[in-house]
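Peer 1: My structure is below; once you've seen it, I'll send some questions.
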Amino acid sequence: MIKPEAVAAGHAGKIIDMIIDNGFRVVAIKLTRLSRQEAGIFYEVHKERPFYGELVDYMASGPIYAAILEKDNAVEDFRKLIGATDPSQADEGTIRKRFAESKAKNAVHGSDSNDNAEIESNFFFSGRERF
Ligand code: ADP
Ligand code: MG
């Protein structure tokens, strides 16, 4: 996902460019908006963390881009490309170093495993939206 503050700031095109330049193929992509309920389901693994309410409100605060990306070793390579959760810890050249505002508003989401990538892909996209 490209998160709400990055979309609102007009960074989506540059972020998608970085993703494609780094060898990812776009299988599916759309502009959409999560309800609070949907954001709560998406981030359910974090429901015990102190920032869960803030995270749900933020992720439902405006439109996002959701995408499915394909590459060998995609999960690990995408996490490398996005950089650390906290942009002050993110390496130079990463998406979060360049575009994140804060640890909470950190521009992009990346799946953390192949299993979660499949679950998250199915959350957003039907078969006929994938190419
Ligand atoms: P990542 O997105 O790097 O996998 P996590 O899975 O730990 O990070 O957290 C999910 C999202 O929750 C983060 O991307 C960020 O938007 C938000 N978040 C994480 N830690 C905090 C925090 N301490 N305070 C506020 N928001 C946070
Ligand atoms: Mg995570």
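Labels for the structure tokens follow display order: chains A, B, ..., residues from 1 in each chain, ligands from 1.
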Distance table requested - segment 25-45 of chain A against segment 57-76 of chain A, cut-off 7 Å, only C-alpha atoms: one row per qualifying residue with the closest atom pair and its distance in Å to one decimal, ordered by chain and rising residue number, as JSON lines.
Peer 2:
```
{"residue": "A:Arg25", "atom": "CA", "partner": "A:Glu70", "partner_atom": "CA", "distance": 5.0}
{"residue": "A:Val26", "atom": "CA", "partner": "A:Leu69", "partner_atom": "CA", "distance": 4.9}
{"residue": "A:Val27", "atom": "CA", "partner": "A:Ile68", "partner_atom": "CA", "distance": 5.4}
{"residue": "A:Ala28", "atom": "CA", "partner": "A:Ile68", "partner_atom": "CA", "distance": 5.1}
{"residue": "A:Ile29", "atom": "CA", "partner": "A:Ala67", "partner_atom": "CA", "distance": 4.2}
{"residue": "A:Lys30", "atom": "CA", "partner": "A:Tyr65", "partner_atom": "CA", "distance": 5.5}
{"residue": "A:Leu31", "atom": "CA", "partner": "A:Tyr65", "partner_atom": "CA", "distance": 4.5}
{"residue": "A:Thr32", "atom": "CA", "partner": "A:Pro63", "partner_atom": "CA", "distance": 5.4}
{"residue": "A:Arg33", "atom": "CA", "partner": "A:Pro63", "partner_atom": "CA", "distance": 4.4}
{"residue": "A:Leu34", "atom": "CA", "partner": "A:Ala60", "partner_atom": "CA", "distance": 5.0}
{"residue": "A:Ser35", "atom": "CA", "partner": "A:Ala60", "partner_atom": "CA", "distance": 5.4}
{"residue": "A:Arg36", "atom": "CA", "partner": "A:Ala60", "partner_atom": "CA", "distance": 5.3}
{"residue": "A:Ala39", "atom": "CA", "partner": "A:Met59", "partner_atom": "CA", "distance": 6.2}
```
Peer 1: Residues at most 8 Å from ligand 1, using only C-alpha atoms and all ligand atoms? Could they come as a list of chain:residue names?
Peer 2: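 Those residues are A:Tyr43, A:His46, A:Pro50, A:Phe51, A:Tyr52, A:Glu54, A:Leu55, A:Arg79, A:Gly83, A:Ala84, A:Thr85, A:Asp86, A:Lys103, A:Ala104, A:Lys105, A:Asn106, A:Ala107, A:Val108, A:His109, A:Gly110, A:Ser111, A:Asp112.
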Peer 1: Under the rule that only C-alpha atoms are counted, which of A:Ile16, A:Ile95, A:Ala100, A:Ile119 is the nearest residue to Leu81 of chain A?
Peer 2: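 Smallest distance to Leu81 of chain A is found for A:Ile95.
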Peer 1: One decimal, Å: what's the distance from atom CA of Gln37 of chain A over to atom CA of Phe131 of chain A, could you say?
Peer 2: 28.3 Å
Peer 1: Would you compute the distance between atom CA of Ala90 of chain A and atom CA of Asn116 of chain A? Give it in Å to one decimal.
Peer 2: 22.7 Å
Peer 1: Please return, as a ChimeraX atom specification, all residues of segment 16-125 of chain A that DSSP assigns to helix (DSSP H, G or I) on the basis of the backbone.
Peer 2: /A:16-21,36-42,44-46,52-59,74-82,87-89,95-99,114-124
Peer 1: Pull the strand (DSSP E or B) assignments for chain A out of DSSP run on the backbone, and list those residues as a list of chain:residue names.
Peer 2: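 So, restricting chain A to strand (DSSP E or B), we get A:Ile2, A:Arg25, A:Val26, A:Val27, A:Ala28, A:Ile29, A:Lys30, A:Leu31, A:Thr32, A:Ile64, A:Tyr65, A:Ala66, A:Ala67, A:Ile68, A:Leu69, A:Glu70, A:Val108.
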Peer 1: Those residues with N, CA and C atoms, as a short mmCIF file (atom, residue, chain, number, x, y, z; two decimals), in the first residue's frame please?
Peer 2:
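Everything below was put into selection32.cif:
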```
data_model
loop_
_atom_site.label_atom_id
_atom_site.label_comp_id
_atom_site.auth_asym_id
_atom_site.auth_seq_id
_atom_site.Cartn_x
_atom_site.Cartn_y
_atom_site.Cartn_z
N ILE A 2 0.41 2.26 -0.71
CA ILE A 2 0.93 3.61 -0.52
C ILE A 2 -0.07 4.27 0.42
N ARG A 25 7.28 -6.19 -10.81
CA ARG A 25 6.23 -6.12 -11.82
C ARG A 25 4.91 -5.86 -11.11
N VAL A 26 4.14 -4.91 -11.64
CA VAL A 26 2.83 -4.60 -11.05
C VAL A 26 1.80 -5.59 -11.61
N VAL A 27 1.28 -6.44 -10.75
CA VAL A 27 0.28 -7.45 -11.12
C VAL A 27 -1.12 -6.86 -11.01
N ALA A 28 -1.31 -5.96 -10.02
CA ALA A 28 -2.61 -5.31 -9.78
C ALA A 28 -2.35 -4.00 -9.05
N ILE A 29 -3.20 -2.99 -9.32
CA ILE A 29 -3.06 -1.72 -8.58
C ILE A 29 -4.39 -0.97 -8.62
N LYS A 30 -4.72 -0.32 -7.52
CA LYS A 30 -5.93 0.52 -7.51
C LYS A 30 -5.86 1.59 -6.42
N LEU A 31 -6.57 2.70 -6.68
CA LEU A 31 -6.81 3.72 -5.67
C LEU A 31 -8.10 3.33 -4.95
N THR A 32 -8.03 3.26 -3.62
CA THR A 32 -9.20 2.83 -2.85
C THR A 32 -9.11 3.45 -1.47
N ILE A 64 -5.82 5.37 -0.48
CA ILE A 64 -4.52 4.70 -0.57
C ILE A 64 -4.42 4.04 -1.94
N TYR A 65 -3.20 3.72 -2.36
CA TYR A 65 -3.02 2.78 -3.46
C TYR A 65 -2.72 1.43 -2.87
N ALA A 66 -3.45 0.42 -3.34
CA ALA A 66 -3.12 -0.97 -3.01
C ALA A 66 -2.53 -1.59 -4.26
N ALA A 67 -1.55 -2.44 -4.09
CA ALA A 67 -0.95 -3.11 -5.25
C ALA A 67 -0.47 -4.50 -4.88
N ILE A 68 -0.46 -5.35 -5.91
CA ILE A 68 0.23 -6.64 -5.82
C ILE A 68 1.47 -6.53 -6.69
N LEU A 69 2.62 -6.88 -6.13
CA LEU A 69 3.90 -6.80 -6.84
C LEU A 69 4.51 -8.19 -6.96
N GLU A 70 5.21 -8.41 -8.07
CA GLU A 70 5.81 -9.72 -8.31
C GLU A 70 7.30 -9.55 -8.59
N VAL A 108 4.53 3.85 3.13
CA VAL A 108 4.22 2.60 2.44
C VAL A 108 4.07 1.44 3.43
#
```
Peer 1: What is the atom CA of Lys80 of chain A-atom CA of Lys14 of chain A distance in Å, reported with one decimal?
Peer 2: 17.2 Å
Peer 1: Nearest to ligand 2 among A:Gly23, A:Arg128, A:Val7, A:Met1, with distances taken over only C-alpha atoms and all ligand atoms: which residue is it?
Peer 2: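 Looking only at the distances to ligand 2, the closest residue turns out to be A:Met1.
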Peer 1: From the list A:Glu120, A:Asp21, A:Glu38, A:Glu92, which residue is nearest ligand 2 when using only C-alpha atoms and all ligand atoms?
Peer 2: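 Closest to ligand 2, using only C-alpha atoms and all ligand atoms: A:Glu120.
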Peer 1: So, counting only C-alpha atoms, which residue among A:Glu129, A:Phe99, A:Thr94, A:Phe78 is closest to Asn114 of chain A?
Peer 2: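 Looking at the shortest contact to Asn114 of chain A, the residue is A:Phe78.
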Peer 1: Rank nothing, just name the residue among A:Glu44, A:Asp77, A:Asp91, A:Asp17 nearest to ligand 2, using only C-alpha atoms and all ligand atoms.
Peer 2: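 Smallest distance to ligand 2 is found for A:Glu44.
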Peer 1: Could you check which of A:Ser113, A:Ile41, A:Ser102, A:His11 is closest to ligand 2, using only C-alpha atoms and all ligand atoms?
Peer 2: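 Result for the nearest residue to ligand 2: A:Ser113.
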